[in-house]
file my_file21.cif (mmCIF, C-alpha atoms and all ligand atoms)
data_final
loop_
_atom_site.label_atom_id
_atom_site.label_comp_id
_atom_site.auth_asym_id
_atom_site.auth_seq_id
_atom_site.Cartn_x
_atom_site.Cartn_y
_atom_site.Cartn_z
CA MET A 1 108.59 51.58 43.04
CA ARG A 2 106.04 49.06 44.22
CA SER A 3 106.12 45.54 42.87
CA THR A 4 102.61 44.69 44.12
CA ILE A 5 100.12 47.47 43.67
CA VAL A 6 96.88 45.59 43.97
CA GLY A 7 96.45 42.00 45.05
CA LYS A 8 93.79 39.58 43.99
CA ALA A 9 91.21 40.94 46.39
CA GLN A 10 90.89 44.30 44.64
CA ALA A 11 91.86 43.45 41.09
CA PRO A 12 88.41 42.77 39.66
CA GLN A 13 86.70 45.74 41.30
CA LEU A 14 87.70 48.45 38.83
CA LYS A 15 84.99 51.07 38.55
CA LEU A 16 85.08 54.75 37.58
CA PRO A 17 88.27 56.07 35.98
CA PHE A 18 90.60 57.67 38.50
CA ASP A 19 90.27 61.45 38.61
CA VAL A 20 92.20 63.07 41.45
CA ASP A 21 90.15 66.30 41.36
CA LYS A 22 86.95 64.34 41.70
CA ILE A 23 88.44 62.32 44.56
CA ARG A 24 89.56 65.53 46.31
CA ASN A 25 86.03 66.95 46.10
CA GLU A 26 84.79 63.99 48.08
CA PHE A 27 87.03 64.86 51.07
CA PRO A 28 85.64 68.09 52.56
CA ILE A 29 88.61 68.75 54.86
CA LEU A 30 90.90 69.19 51.85
CA GLY A 31 89.19 72.53 51.27
CA GLU A 32 90.26 73.81 54.70
CA THR A 33 92.54 76.80 55.15
CA VAL A 34 95.44 76.45 57.58
CA ASN A 35 97.43 79.52 58.64
CA GLY A 36 96.03 81.43 55.69
CA HIS A 37 96.96 78.74 53.13
CA ARG A 38 95.04 75.94 51.47
CA LEU A 39 95.77 72.77 53.48
CA VAL A 40 98.40 70.49 51.97
CA TYR A 41 98.05 67.26 53.91
CA LEU A 42 101.10 65.00 53.79
CA ASP A 43 100.55 63.13 57.06
CA ASN A 44 98.54 60.22 55.76
CA ALA A 45 100.64 57.55 57.47
CA ALA A 46 99.44 59.02 60.79
CA THR A 47 95.81 59.18 59.73
CA THR A 48 93.80 59.65 56.55
CA HIS A 49 90.88 61.99 55.94
CA LYS A 50 87.31 60.86 55.54
CA PRO A 51 85.21 61.11 52.40
CA GLN A 52 81.76 62.71 52.70
CA VAL A 53 80.10 59.31 52.31
CA VAL A 54 81.78 58.08 55.52
CA ILE A 55 80.80 61.22 57.43
CA ASP A 56 77.20 60.91 56.14
CA THR A 57 77.00 57.20 56.96
CA ILE A 58 78.03 57.85 60.56
CA SER A 59 75.51 60.72 60.89
CA ARG A 60 72.78 58.55 59.42
CA TYR A 61 73.59 55.78 61.88
CA TYR A 62 73.04 58.15 64.80
CA GLU A 63 69.99 59.71 63.15
CA ALA A 64 68.17 56.51 62.18
CA GLN A 65 69.79 53.35 63.50
CA ASN A 66 71.41 54.08 66.88
CA SER A 67 70.78 51.28 69.31
CA ASN A 68 72.80 48.63 71.07
CA ILE A 69 73.32 45.61 68.84
CA HIS A 70 72.89 41.84 69.02
CA ARG A 71 70.69 41.70 72.12
CA GLY A 72 67.59 43.67 71.14
CA VAL A 73 64.41 42.42 69.53
CA HIS A 74 63.17 45.91 68.72
CA THR A 75 63.47 47.33 65.22
CA LEU A 76 66.20 49.89 65.87
CA SER A 77 68.40 47.25 67.42
CA GLN A 78 67.83 45.06 64.37
CA ARG A 79 68.82 47.95 62.09
CA GLY A 80 71.98 48.61 64.06
CA THR A 81 72.87 44.90 64.16
CA ASP A 82 72.30 44.49 60.41
CA ALA A 83 74.46 47.52 59.60
CA PHE A 84 77.23 46.34 61.95
CA GLU A 85 77.25 42.78 60.57
CA ASN A 86 77.09 44.11 57.02
CA ALA A 87 80.27 46.09 57.77
CA ARG A 88 81.95 42.87 58.88
CA GLN A 89 81.10 41.31 55.50
CA ILE A 90 82.46 44.34 53.65
CA VAL A 91 85.76 44.01 55.55
CA GLN A 92 85.82 40.28 54.82
CA LYS A 93 85.49 40.90 51.09
CA PHE A 94 87.98 43.78 51.09
CA ILE A 95 90.79 41.65 52.51
CA ASN A 96 89.49 38.45 50.90
CA ALA A 97 89.04 36.57 54.18
CA PRO A 98 87.22 33.25 53.69
CA THR A 99 84.38 34.03 56.14
CA PRO A 100 83.00 37.00 58.14
CA SER A 101 83.55 35.02 61.33
CA GLU A 102 87.28 35.62 60.88
CA ILE A 103 86.87 39.40 61.19
CA ILE A 104 87.14 40.70 64.77
CA PHE A 105 86.34 44.37 65.34
CA THR A 106 88.84 46.08 67.63
CA ARG A 107 89.82 49.66 68.46
CA GLY A 108 92.67 49.68 65.93
CA THR A 109 95.96 48.03 65.07
CA THR A 110 97.37 48.51 68.56
CA ASP A 111 94.32 46.92 70.12
CA SER A 112 94.40 44.10 67.53
CA ILE A 113 98.03 43.26 68.29
CA ASN A 114 97.42 43.37 72.04
CA LEU A 115 94.47 41.02 71.59
CA ALA A 116 96.44 38.72 69.31
CA SER A 117 99.51 38.64 71.54
CA GLN A 118 97.61 37.94 74.75
CA CYS A 119 95.38 35.27 73.21
CA LEU A 120 97.97 33.59 71.01
CA ALA A 121 100.50 33.47 73.85
CA GLN A 122 98.02 31.48 75.96
CA LEU A 123 97.84 28.95 73.17
CA VAL A 124 101.43 28.58 71.96
CA LEU A 125 103.95 30.27 74.24
CA ASN A 126 106.07 28.64 76.93
CA ALA A 127 109.20 29.60 78.85
CA GLY A 128 112.25 29.68 76.58
CA ASP A 129 110.21 30.12 73.38
CA GLU A 130 110.94 32.91 70.94
CA ILE A 131 108.91 35.67 69.29
CA LEU A 132 110.52 37.11 66.16
CA VAL A 133 109.96 40.71 65.02
CA SER A 134 112.06 43.06 62.87
CA GLU A 135 114.07 46.14 63.69
CA SER A 136 111.68 48.28 61.64
CA GLU A 137 108.53 47.62 63.66
CA HIS A 138 106.21 50.29 65.05
CA HIS A 139 106.15 50.32 68.88
CA SER A 140 102.70 48.68 68.66
CA ASN A 141 104.33 45.63 67.14
CA ILE A 142 107.12 45.52 69.74
CA VAL A 143 105.78 46.41 73.18
CA PRO A 144 102.82 43.95 73.32
CA TRP A 145 105.27 41.14 72.45
CA GLN A 146 107.72 42.34 75.09
CA MET A 147 104.85 42.18 77.57
CA VAL A 148 103.86 38.59 76.73
CA ALA A 149 107.52 37.56 76.57
CA ALA A 150 107.93 38.80 80.15
CA GLN A 151 104.71 37.08 81.25
CA TYR A 152 105.71 33.70 79.81
CA GLY A 153 109.51 33.77 80.19
CA ALA A 154 109.89 33.86 76.41
CA ASN A 155 112.44 35.88 74.40
CA LEU A 156 111.89 38.63 71.87
CA ILE A 157 114.26 38.17 68.92
CA VAL A 158 114.93 40.91 66.38
CA ALA A 159 115.75 40.53 62.67
CA PRO A 160 117.89 43.49 61.58
CA ILE A 161 117.33 45.92 58.71
CA ASP A 162 120.04 47.14 56.35
CA ASP A 163 120.86 50.77 55.59
CA THR A 164 118.21 50.99 52.90
CA GLY A 165 115.55 49.99 55.44
CA GLU A 166 114.98 46.46 54.12
CA ILE A 167 114.80 43.52 56.50
CA VAL A 168 117.87 41.36 55.89
CA ILE A 169 116.14 38.17 54.82
CA GLU A 170 119.12 35.86 55.49
CA GLU A 171 119.26 37.24 59.04
CA PHE A 172 115.51 36.77 59.41
CA GLU A 173 115.86 33.15 58.28
CA LYS A 174 118.80 32.52 60.60
CA ARG A 175 116.63 33.49 63.54
CA LEU A 176 113.86 31.03 62.68
CA ASN A 177 114.24 27.84 64.70
CA ALA A 178 112.27 25.26 66.66
CA LYS A 179 111.84 27.71 69.54
CA THR A 180 110.22 30.37 67.31
CA LYS A 181 106.50 30.21 68.06
CA ILE A 182 105.36 33.62 66.79
CA VAL A 183 106.58 35.87 63.98
CA SER A 184 105.12 39.38 63.81
CA ILE A 185 106.11 41.66 60.96
CA GLY A 186 104.93 44.97 59.58
CA HIS A 187 103.73 44.82 55.99
CA ILE A 188 104.88 48.38 55.27
CA SER A 189 107.12 50.38 57.60
CA ASN A 190 105.47 53.62 58.70
CA ALA A 191 108.84 55.31 59.29
CA LEU A 192 110.58 54.21 56.07
CA GLY A 193 107.90 53.10 53.63
CA THR A 194 109.62 49.75 53.00
CA ILE A 195 107.27 47.07 51.69
CA ASN A 196 108.39 43.88 53.36
CA PRO A 197 108.17 40.54 51.50
CA VAL A 198 105.68 39.25 54.06
CA ARG A 199 104.28 36.50 51.87
CA GLU A 200 107.68 34.86 51.53
CA MET A 201 108.51 35.51 55.18
CA THR A 202 105.21 33.91 56.21
CA ARG A 203 106.02 30.79 54.20
CA ARG A 204 109.42 30.50 55.85
CA ALA A 205 107.96 31.00 59.31
CA HIS A 206 105.27 28.40 58.62
CA ALA A 207 107.95 25.93 57.53
CA ILE A 208 109.23 25.84 61.12
CA GLY A 209 105.71 25.81 62.57
CA ALA A 210 105.46 29.42 63.82
CA LYS A 211 102.26 31.47 63.73
CA VAL A 212 102.47 34.70 61.74
CA LEU A 213 100.88 38.07 62.40
CA ILE A 214 101.13 40.85 59.84
CA ASP A 215 100.81 44.43 61.04
CA GLY A 216 98.83 45.91 58.19
CA ALA A 217 98.39 49.43 59.60
CA GLN A 218 100.23 50.90 56.61
CA SER A 219 99.37 48.35 53.95
CA ILE A 220 95.59 48.42 54.12
CA ALA A 221 95.35 51.71 52.16
CA HIS A 222 98.41 51.26 49.95
CA ILE A 223 98.37 47.69 48.63
CA GLY A 224 95.51 45.41 47.73
CA VAL A 225 95.52 43.11 50.73
CA ASP A 226 94.52 39.49 50.23
CA VAL A 227 94.94 37.54 53.45
CA GLN A 228 94.49 34.19 51.73
CA ASP A 229 97.23 34.99 49.28
CA LEU A 230 99.49 36.18 52.11
CA GLU A 231 98.66 32.98 54.04
CA CYS A 232 99.21 34.85 57.33
CA ASP A 233 97.51 33.52 60.46
CA LEU A 234 96.57 36.99 61.73
CA TYR A 235 96.39 40.41 60.08
CA ALA A 236 95.79 43.68 61.97
CA PHE A 237 94.76 47.11 60.71
CA SER A 238 93.21 50.42 61.79
CA GLY A 239 90.16 51.99 60.19
CA HIS A 240 91.49 55.53 60.45
CA LYS A 241 94.41 54.77 58.11
CA VAL A 242 91.97 53.77 55.37
CA PHE A 243 89.52 56.70 55.31
CA ALA A 244 87.38 55.41 58.21
CA PRO A 245 86.93 56.80 61.74
CA THR A 246 89.39 56.46 64.62
CA GLY A 247 88.62 53.96 67.37
CA ILE A 248 87.77 51.10 65.00
CA GLY A 249 90.10 48.43 63.65
CA VAL A 250 90.24 44.81 62.68
CA LEU A 251 92.02 41.64 63.59
CA TYR A 252 91.63 38.97 60.93
CA GLY A 253 92.49 35.45 62.03
CA LYS A 254 92.24 32.03 60.42
CA ARG A 255 89.11 30.44 61.79
CA GLU A 256 90.76 27.34 63.23
CA LEU A 257 93.27 29.47 65.09
CA LEU A 258 90.61 31.84 66.43
CA GLU A 259 88.57 28.89 67.61
CA ALA A 260 91.58 27.47 69.46
CA MET A 261 92.70 30.77 71.03
CA PRO A 262 91.18 31.62 74.40
CA PRO A 263 89.81 35.16 74.78
CA TYR A 264 91.55 37.66 77.05
CA GLN A 265 88.73 40.08 77.77
CA GLY A 266 85.52 38.94 79.43
CA GLY A 267 82.13 40.63 79.51
CA GLY A 268 78.86 40.94 77.64
CA ASP A 269 78.42 39.54 74.13
CA MET A 270 81.44 37.22 74.31
CA ILE A 271 79.50 34.52 76.17
CA LYS A 272 76.83 31.92 75.42
CA GLU A 273 76.01 31.16 79.02
CA VAL A 274 77.24 32.46 82.36
CA ARG A 275 77.04 30.54 85.62
CA PHE A 276 79.09 31.28 88.72
CA GLU A 277 80.56 27.79 88.36
CA HIS A 278 81.33 27.98 84.63
CA THR A 279 81.00 30.30 81.65
CA GLU A 280 80.62 29.11 78.08
CA TYR A 281 82.21 31.44 75.55
CA ASN A 282 80.47 32.60 72.38
CA ASP A 283 81.48 31.52 68.86
CA VAL A 284 84.11 33.43 66.90
CA PRO A 285 84.37 36.33 66.29
CA TYR A 286 82.08 37.36 69.19
CA LYS A 287 84.27 35.50 71.70
CA PHE A 288 86.83 38.28 71.17
CA GLU A 289 84.40 41.22 71.15
CA ALA A 290 83.52 41.74 74.83
CA GLY A 291 81.27 44.71 75.61
CA THR A 292 79.48 47.20 73.39
CA PRO A 293 81.64 47.77 70.30
CA HIS A 294 82.23 50.97 68.36
CA ILE A 295 79.12 50.39 66.26
CA ALA A 296 79.21 53.66 64.33
CA GLY A 297 82.93 53.16 63.73
CA ALA A 298 82.43 49.71 62.23
CA ILE A 299 79.66 51.00 59.98
CA GLY A 300 81.89 53.94 58.99
CA LEU A 301 84.69 51.49 58.17
CA GLY A 302 82.30 49.54 55.97
CA ALA A 303 81.38 52.78 54.17
CA ALA A 304 85.06 53.67 53.65
CA LEU A 305 85.92 50.29 52.15
CA GLU A 306 82.81 50.38 49.96
CA TYR A 307 83.86 53.82 48.81
CA LEU A 308 87.20 52.38 47.68
CA SER A 309 85.39 49.77 45.65
CA THR A 310 83.55 52.54 43.72
CA ILE A 311 86.79 54.10 42.48
CA ASP A 312 89.54 52.63 40.36
CA PHE A 313 91.71 51.66 43.32
CA ARG A 314 94.45 50.23 41.11
CA ALA A 315 94.78 53.53 39.23
CA ALA A 316 94.58 55.46 42.51
CA LEU A 317 97.54 53.50 43.89
CA ALA A 318 99.47 53.95 40.65
CA HIS A 319 98.89 57.71 41.01
CA GLU A 320 100.14 57.57 44.62
CA ASP A 321 103.20 55.63 43.49
CA GLU A 322 103.99 58.17 40.80
CA LEU A 323 103.80 60.92 43.44
CA LEU A 324 106.19 58.98 45.68
CA ASN A 325 108.70 58.74 42.84
CA TYR A 326 108.28 62.43 42.13
CA VAL A 327 108.66 63.65 45.72
CA SER A 328 111.67 61.34 46.23
CA GLU A 329 113.37 62.74 43.12
CA ARG A 330 112.69 66.34 44.16
CA LEU A 331 113.99 65.71 47.70
CA ASN A 332 117.09 63.95 46.38
CA ASP A 333 117.90 67.05 44.33
CA ILE A 334 118.08 69.26 47.44
CA ASP A 335 121.55 69.85 48.87
CA GLY A 336 121.91 68.51 52.42
CA VAL A 337 118.81 66.30 52.28
CA ARG A 338 119.35 62.64 53.18
CA MET A 339 116.55 60.19 52.48
CA ILE A 340 115.97 57.71 55.33
CA GLY A 341 114.53 54.56 53.79
CA THR A 342 115.62 53.82 50.24
CA ALA A 343 114.33 50.27 49.87
CA ARG A 344 113.69 48.89 46.38
CA ASP A 345 110.02 48.30 47.20
CA LYS A 346 108.39 51.28 48.88
CA ALA A 347 104.97 52.83 49.33
CA ALA A 348 103.65 56.27 50.21
CA VAL A 349 106.36 57.44 52.65
CA ALA A 350 109.24 59.87 52.06
CA SER A 351 111.27 60.21 55.27
CA PHE A 352 114.30 62.48 55.34
CA VAL A 353 116.68 64.59 57.40
CA ILE A 354 118.37 67.85 56.49
CA ASP A 355 121.95 68.57 57.52
CA LYS A 356 122.23 70.54 60.76
CA ILE A 357 118.49 71.29 60.89
CA HIS A 358 116.14 69.78 63.46
CA PRO A 359 113.12 68.02 61.92
CA GLN A 360 110.73 69.80 64.31
CA ASP A 361 111.86 73.24 63.08
CA VAL A 362 111.17 72.15 59.52
CA GLY A 363 107.73 70.83 60.55
CA LEU A 364 106.79 74.11 62.22
CA LEU A 365 107.84 76.25 59.27
CA LEU A 366 105.96 73.99 56.86
CA ASP A 367 102.88 74.24 59.07
CA SER A 368 103.04 78.02 58.82
CA GLN A 369 102.63 77.46 55.05
CA GLY A 370 99.60 75.18 55.56
CA ILE A 371 101.58 71.97 55.04
CA ALA A 372 101.07 69.06 57.43
CA VAL A 373 104.01 66.66 57.74
CA ARG A 374 105.04 64.55 60.71
CA THR A 375 108.37 64.97 62.47
CA GLY A 376 110.05 62.82 65.11
CA HIS A 377 110.58 59.11 65.67
CA HIS A 378 107.18 58.02 64.26
CA CYS A 379 106.76 55.46 67.08
CA ALA A 380 109.69 53.52 65.65
CA MET A 381 112.57 54.44 67.94
CA PRO A 382 114.66 51.35 67.02
CA VAL A 383 114.60 52.54 63.38
CA MET A 384 115.93 55.94 64.44
CA GLN A 385 118.61 54.21 66.52
CA HIS A 386 119.62 52.17 63.47
CA PHE A 387 120.20 55.33 61.44
CA GLY A 388 121.74 57.21 64.39
CA ILE A 389 119.21 60.07 64.24
CA PRO A 390 116.62 61.41 66.71
CA GLY A 391 113.91 61.62 64.07
CA THR A 392 112.97 62.48 60.49
CA VAL A 393 110.62 64.72 58.58
CA ARG A 394 108.06 62.42 57.01
CA ALA A 395 105.85 63.32 54.08
CA SER A 396 103.32 60.54 53.60
CA LEU A 397 100.96 60.33 50.68
CA SER A 398 97.44 59.28 49.88
CA ILE A 399 95.36 58.87 46.75
CA TYR A 400 94.07 62.47 47.03
CA ASN A 401 97.48 64.18 46.93
CA THR A 402 98.62 65.95 43.76
CA ARG A 403 101.82 66.83 41.93
CA HIS A 404 100.98 70.49 42.48
CA GLU A 405 100.99 69.87 46.25
CA ILE A 406 104.41 68.25 46.00
CA ASP A 407 105.76 71.30 44.13
CA TYR A 408 104.30 73.58 46.79
CA PHE A 409 105.80 71.41 49.55
CA ILE A 410 109.26 71.43 47.93
CA ASP A 411 109.18 75.22 47.48
CA ALA A 412 108.17 75.69 51.13
CA LEU A 413 110.88 73.25 52.21
CA LEU A 414 113.53 75.18 50.29
CA LYS A 415 112.33 78.41 51.94
CA ALA A 416 112.39 76.76 55.39
CA LYS A 417 115.86 75.40 54.74
CA SER A 418 117.24 78.80 53.78
CA MET A 419 115.66 80.38 56.87
CA LEU A 420 117.05 77.71 59.23
CA ALA A 421 120.52 77.27 57.69
N1 LIG A 501 101.73 49.75 63.17
C1 LIG A 501 102.08 50.62 62.21
C2 LIG A 501 103.03 50.18 61.13
C3 LIG A 501 101.58 51.92 62.25
O1 LIG A 501 101.93 52.80 61.30
C4 LIG A 501 100.69 52.29 63.28
C5 LIG A 501 100.14 53.71 63.38
N2 LIG A 501 101.08 54.71 63.14
C6 LIG A 501 100.35 51.34 64.24
C7 LIG A 501 100.87 50.07 64.14
C8 LIG A 501 99.38 51.65 65.34
O2 LIG A 501 98.13 51.98 64.82
P1 LIG A 501 97.00 52.60 65.76
O3 LIG A 501 97.62 53.75 66.47
O4 LIG A 501 95.93 53.01 64.80
O5 LIG A 501 96.57 51.54 66.70
#
call {"tool": "encode", "arguments": {"input": "my_file21.cif", "output": "C-alpha cells"}}
result
Amino acid sequence: MRSTIVGKAQAPQLKLPFDVDKIRNEFPILGETVNGHRLVYLDNAATTHKPQVVIDTISRYYEAQNSNIHRGVHTLSQRGTDAFENARQIVQKFINAPTPSEIIFTRGTTDSINLASQCLAQLVLNAGDEILVSESEHHSNIVPWQMVAAQYGANLIVAPIDDTGEIVIEEFEKRLNAKTKIVSIGHISNALGTINPVREMTRRAHAIGAKVLIDGAQSIAHIGVDVQDLECDLYAFSGHKVFAPTGIGVLYGKRELLEAMPPYQGGGDMIKEVRFEHTEYNDVPYKFEAGTPHIAGAIGLGAALEYLSTIDFRAALAHEDELLNYVSERLNDIDGVRMIGTARDKAAVASFVIDKIHPQDVGLLLDSQGIAVRTGHHCAMPVMQHFGIPGTVRASLSIYNTRHEIDYFIDALLKAKSMLA
C-alpha cells in the first residue's frame, strides 16, 4: 500500500530481525488488562506507547542527571546538558538533517507549527500574500496559519482532496502563484492515512519561491523520514507519536532559514547578551528555545529513536503495512461499512463509518472488549465536512500490533454492529 516504506535515513540501519512478540515484550503497557480483557491498542495515531528503555532512560535522568542545562558549571548540569545535546544529535541523524543546529526542541507538532508560523511570517509574509494548505490538514496545521493570516492581512488558500482522500495535485498546482509565500502540508493524514507526495509538492512550491513546512506528526513513525531528500524548509513532529514522551517535539529547519527567522518567544537561554537598550539573540537552535526545556522529554525522545535503530525498522514497517492491508480487507467485507480514505498510498490508518450507527457507540462497545480505537473528527473537521459525516471510527496501527489483534477487533466490531443495528 505504501510506495515509500523507508527513506535513505533509515535504510542502512538494519539490525535484529523483526519479531513482533519480542517487540511487544518491550512495551509493558501492552500487558495491561482493560475491562477484563487484554488491551488491544489501535489508537496509535493519537499516541504511541513507550518501550521499557524509554521509561528507564527517563527514570535514570531523574535519578542521576537531573539539573538545569546549559548554564551550570557543576557536574550534574554537565551530565544533563550532555544528555540533552546528545538527544539533539540522535534526532538529527534519525531525520538525516545536515547539522544538530537545525533541530529545535519544542512541545510537539502543534508547538512547532505555531513557532514556525509566527517566525516565518515575520520574515516572508505581507498583506495580500497567500499561505497554501490542503483540505486534509489537522487543525494544528490550519489554525496557526489562520492566525498569522489575520495578523498580516494574508489569505489562507486551500487545495482540495478528492473522494479517496488524495490531494488533487492539479488543483494544488493551480493555487501556486507569485503571492504564495508559504505552503504547509501534512505528510500523512491522521484522519485518512493518505501519504501525500510531499517531495514533489515541495519541488513545485519551491519553483515559485514559497517556503515549505511538512507536518510530520504521522510520518515520523511510519515512513523513514529524510529531510534532505524531501528538500522541505521546515519539518515538524511530536515525540509521543514515535514511542517517546508527551510534551516534547521537534521543528527541523534549514539552517539559513532559521538564521534569518526572528524568534517569537523571549527569555532565558535564547540570548547572548541582554541590555535594556538592546538584546543580542543566541545562535540557532537556542534562539528558538526560550526558557527551561523539557529536558527529560528530549532525552526520552533520543532513547526512543535509538531504540528504533536497534530493530529492523524496514521490516517493522512492512509488518505494519501488511496489517493495514489485512484490516482494510476485513472491514471491506462487512456489510454497511464504508471506508473513509481509500488513497492509493496509505499508512497505518483505517477510518470507517457504519450505516446508521454512531461512531461513538461503536467506540464504547469496543472499549468494553478492551479495544482502544478513536472516534470523532480526529481534529480534522474539514475532512469530515468533505465526506459529509460527523466523524469516523479510526483504527490506527503501530509496529507492535498483530494479526490476531485485528481478528479480535473485527469479531468485536461484528458483535457491536449486531447489538447496535
Ligand atoms: N498534525 C497531525 C497530522 C496530527 O496527527 C497531530 C496529532 N494528532 C498533530 C498535528 C498535532 O500533534 P500534537 O498534538 O502532538 O501537537
call {"tool": "residues_near_point", "arguments": {"input": "my_file21.cif", "point": "(84.8, 45.0, 57.0)", "cutoff": "9 Å", "atoms": "only C-alpha atoms", "output": "number ranges by chain"}}
result
A: 85-95, 100, 103, 105, 250, 298-299, 301-303, 305
call {"tool": "write_last_selection", "arguments": {"input": "my_file21.cif", "atoms": "C-alpha atoms", "output": "PDB file, in the coordinates of the input"}}
result
ATOM      1  CA  GLU A  85      77.250  42.780  60.570  1.00  0.00           C
ATOM      2  CA  ASN A  86      77.090  44.110  57.020  1.00  0.00           C
ATOM      3  CA  ALA A  87      80.270  46.090  57.770  1.00  0.00           C
ATOM      4  CA  ARG A  88      81.950  42.870  58.880  1.00  0.00           C
ATOM      5  CA  GLN A  89      81.100  41.310  55.500  1.00  0.00           C
ATOM      6  CA  ILE A  90      82.460  44.340  53.650  1.00  0.00           C
ATOM      7  CA  VAL A  91      85.760  44.010  55.550  1.00  0.00           C
ATOM      8  CA  GLN A  92      85.820  40.280  54.820  1.00  0.00           C
ATOM      9  CA  LYS A  93      85.490  40.900  51.090  1.00  0.00           C
ATOM     10  CA  PHE A  94      87.980  43.780  51.090  1.00  0.00           C
ATOM     11  CA  ILE A  95      90.790  41.650  52.510  1.00  0.00           C
ATOM     12  CA  PRO A 100      83.000  37.000  58.140  1.00  0.00           C
ATOM     13  CA  ILE A 103      86.870  39.400  61.190  1.00  0.00           C
ATOM     14  CA  PHE A 105      86.340  44.370  65.340  1.00  0.00           C
ATOM     15  CA  VAL A 250      90.240  44.810  62.680  1.00  0.00           C
ATOM     16  CA  ALA A 298      82.430  49.710  62.230  1.00  0.00           C
ATOM     17  CA  ILE A 299      79.660  51.000  59.980  1.00  0.00           C
ATOM     18  CA  LEU A 301      84.690  51.490  58.170  1.00  0.00           C
ATOM     19  CA  GLY A 302      82.300  49.540  55.970  1.00  0.00           C
ATOM     20  CA  ALA A 303      81.380  52.780  54.170  1.00  0.00           C
ATOM     21  CA  LEU A 305      85.920  50.290  52.150  1.00  0.00           C
TER      22      LEU A 305
END
call {"tool": "closest_residue", "arguments": {"input": "my_file21.cif", "among": "A:Arg338, A:Lys22, A:Lys272, A:His378", "to": "ligand LIG 501 (chain A)", "atoms": "only C-alpha atoms and all ligand atoms"}}
result
A:His378
call {"tool": "closest_atom_pairs", "arguments": {"input": "my_file21.cif", "of": "chain A", "to": "ligand LIG 501 (chain A)", "cutoff": "9 Å", "atoms": "all atoms listed in the file", "output": "CSV"}}
result
residue,atom,partner,partner_atom,distance
A:Ala45,CA,A:LIG501,O1,6.2
A:Ala46,CA,A:LIG501,N2,5.2
A:Thr47,CA,A:LIG501,N2,7.7
A:Arg107,CA,A:LIG501,O5,7.2
A:Gly108,CA,A:LIG501,O5,4.4
A:Thr109,CA,A:LIG501,O5,3.9
A:Thr110,CA,A:LIG501,O5,3.6
A:Asp111,CA,A:LIG501,O5,6.2
A:Ser112,CA,A:LIG501,O5,7.8
A:Ile113,CA,A:LIG501,C7,8.5
A:Ser136,CA,A:LIG501,C2,8.9
A:Glu137,CA,A:LIG501,C2,6.6
A:His138,CA,A:LIG501,N1,4.9
A:His139,CA,A:LIG501,C7,7.1
A:Ser140,CA,A:LIG501,C7,5.1
A:Asn141,CA,A:LIG501,N1,6.3
A:Gly186,CA,A:LIG501,C2,5.8
A:His187,CA,A:LIG501,C2,7.5
A:Ile188,CA,A:LIG501,C2,6.4
A:Ser189,CA,A:LIG501,C2,5.4
A:Asn190,CA,A:LIG501,O1,4.5
A:Ala191,CA,A:LIG501,O1,7.6
A:Asp215,CA,A:LIG501,N1,5.8
A:Gly216,CA,A:LIG501,C2,6.7
A:Ala217,CA,A:LIG501,C1,4.7
A:Gln218,CA,A:LIG501,O1,5.3
A:Ser219,CA,A:LIG501,C2,8.3
A:Ala236,CA,A:LIG501,C7,8.4
A:Phe237,CA,A:LIG501,O2,7.2
A:Ser238,CA,A:LIG501,O4,4.8
A:Gly239,CA,A:LIG501,O4,7.5
A:His240,CA,A:LIG501,O4,6.7
A:Lys241,CA,A:LIG501,O4,7.1
A:Thr246,CA,A:LIG501,O4,7.4
A:Gly247,CA,A:LIG501,O4,7.8
A:Ile248,CA,A:LIG501,O4,8.4
A:Gly249,CA,A:LIG501,O4,7.5
A:His378,CA,A:LIG501,N2,7.0
A:Cys379,CA,A:LIG501,N2,7.0
A:Ala380,CA,A:LIG501,C2,8.7
call {"tool": "residues_around", "arguments": {"input": "my_file21.cif", "residues": "Glu200 (chain A)", "least_positions_apart": "6", "cutoff": "10 Å", "atoms": "only C-alpha atoms", "output": "list in words"}}
result
Ile169, His206, Leu230 and Glu231 of chain A
call {"tool": "residues_around", "arguments": {"input": "my_file21.cif", "residues": "Arg403 (chain A)", "least_positions_apart": "4", "cutoff": "10 Å", "atoms": "all atoms listed in the file", "output": "short mmCIF file (atom, residue, chain, number, x, y, z; two decimals) with C-alpha atoms, in the frame of the given file"}}
result
data_model
loop_
_atom_site.label_atom_id
_atom_site.label_comp_id
_atom_site.auth_asym_id
_atom_site.auth_seq_id
_atom_site.Cartn_x
_atom_site.Cartn_y
_atom_site.Cartn_z
CA HIS A 319 98.89 57.71 41.01
CA GLU A 320 100.14 57.57 44.62
CA GLU A 322 103.99 58.17 40.80
CA LEU A 323 103.80 60.92 43.44
CA LEU A 324 106.19 58.98 45.68
CA TYR A 326 108.28 62.43 42.13
CA VAL A 327 108.66 63.65 45.72
CA ASP A 407 105.76 71.30 44.13
CA TYR A 408 104.30 73.58 46.79
CA PHE A 409 105.80 71.41 49.55
#
call {"tool": "atom_distance", "arguments": {"input": "my_file21.cif", "atom1": "CA of Ala178 (chain A)", "atom2": "CA of Asp129 (chain A)"}}
result
8.5 Å
call {"tool": "residues_around", "arguments": {"input": "my_file21.cif", "residues": "Ile406 (chain A)", "least_positions_apart": "4", "cutoff": "10 Å", "atoms": "only C-alpha atoms", "output": "PyMOL selection string"}}
result
chain A and resi 40+42+323-324+326-327+330+395+397+401-402+410-412
call {"tool": "residues_around", "arguments": {"input": "my_file21.cif", "residues": "Arg79 (chain A)", "least_positions_apart": "2", "cutoff": "12 Å", "atoms": "all atoms listed in the file", "output": "VMD selection string"}}
result
chain A and resid 60 to 77 81 to 86 295 299
call {"tool": "atom_distance", "arguments": {"input": "my_file21.cif", "atom1": "CA of Val393 (chain A)", "atom2": "CA of Thr375 (chain A)"}}
result
4.5 Å
call {"tool": "closest_residue", "arguments": {"input": "my_file21.cif", "among": "A:Ala127, A:Leu414, A:Leu192, A:Val225", "to": "Ser351 (chain A)", "atoms": "all atoms listed in the file"}}
result
A:Leu192
call {"tool": "closest_residue", "arguments": {"input": "my_file21.cif", "among": "A:Val53, A:Ile271, A:Val124, A:Ala350", "to": "Ala210 (chain A)", "atoms": "all atoms listed in the file"}}
result
A:Val124
call {"tool": "closest_residue", "arguments": {"input": "my_file21.cif", "among": "A:Thr99, A:Thr310, A:Ser418, A:Gln265", "to": "Ile354 (chain A)", "atoms": "only C-alpha atoms"}}
result
A:Ser418
call {"tool": "atom_distance", "arguments": {"input": "my_file21.cif", "atom1": "CA of Ile161 (chain A)", "atom2": "CA of Ser134 (chain A)"}}
result
7.3 Å
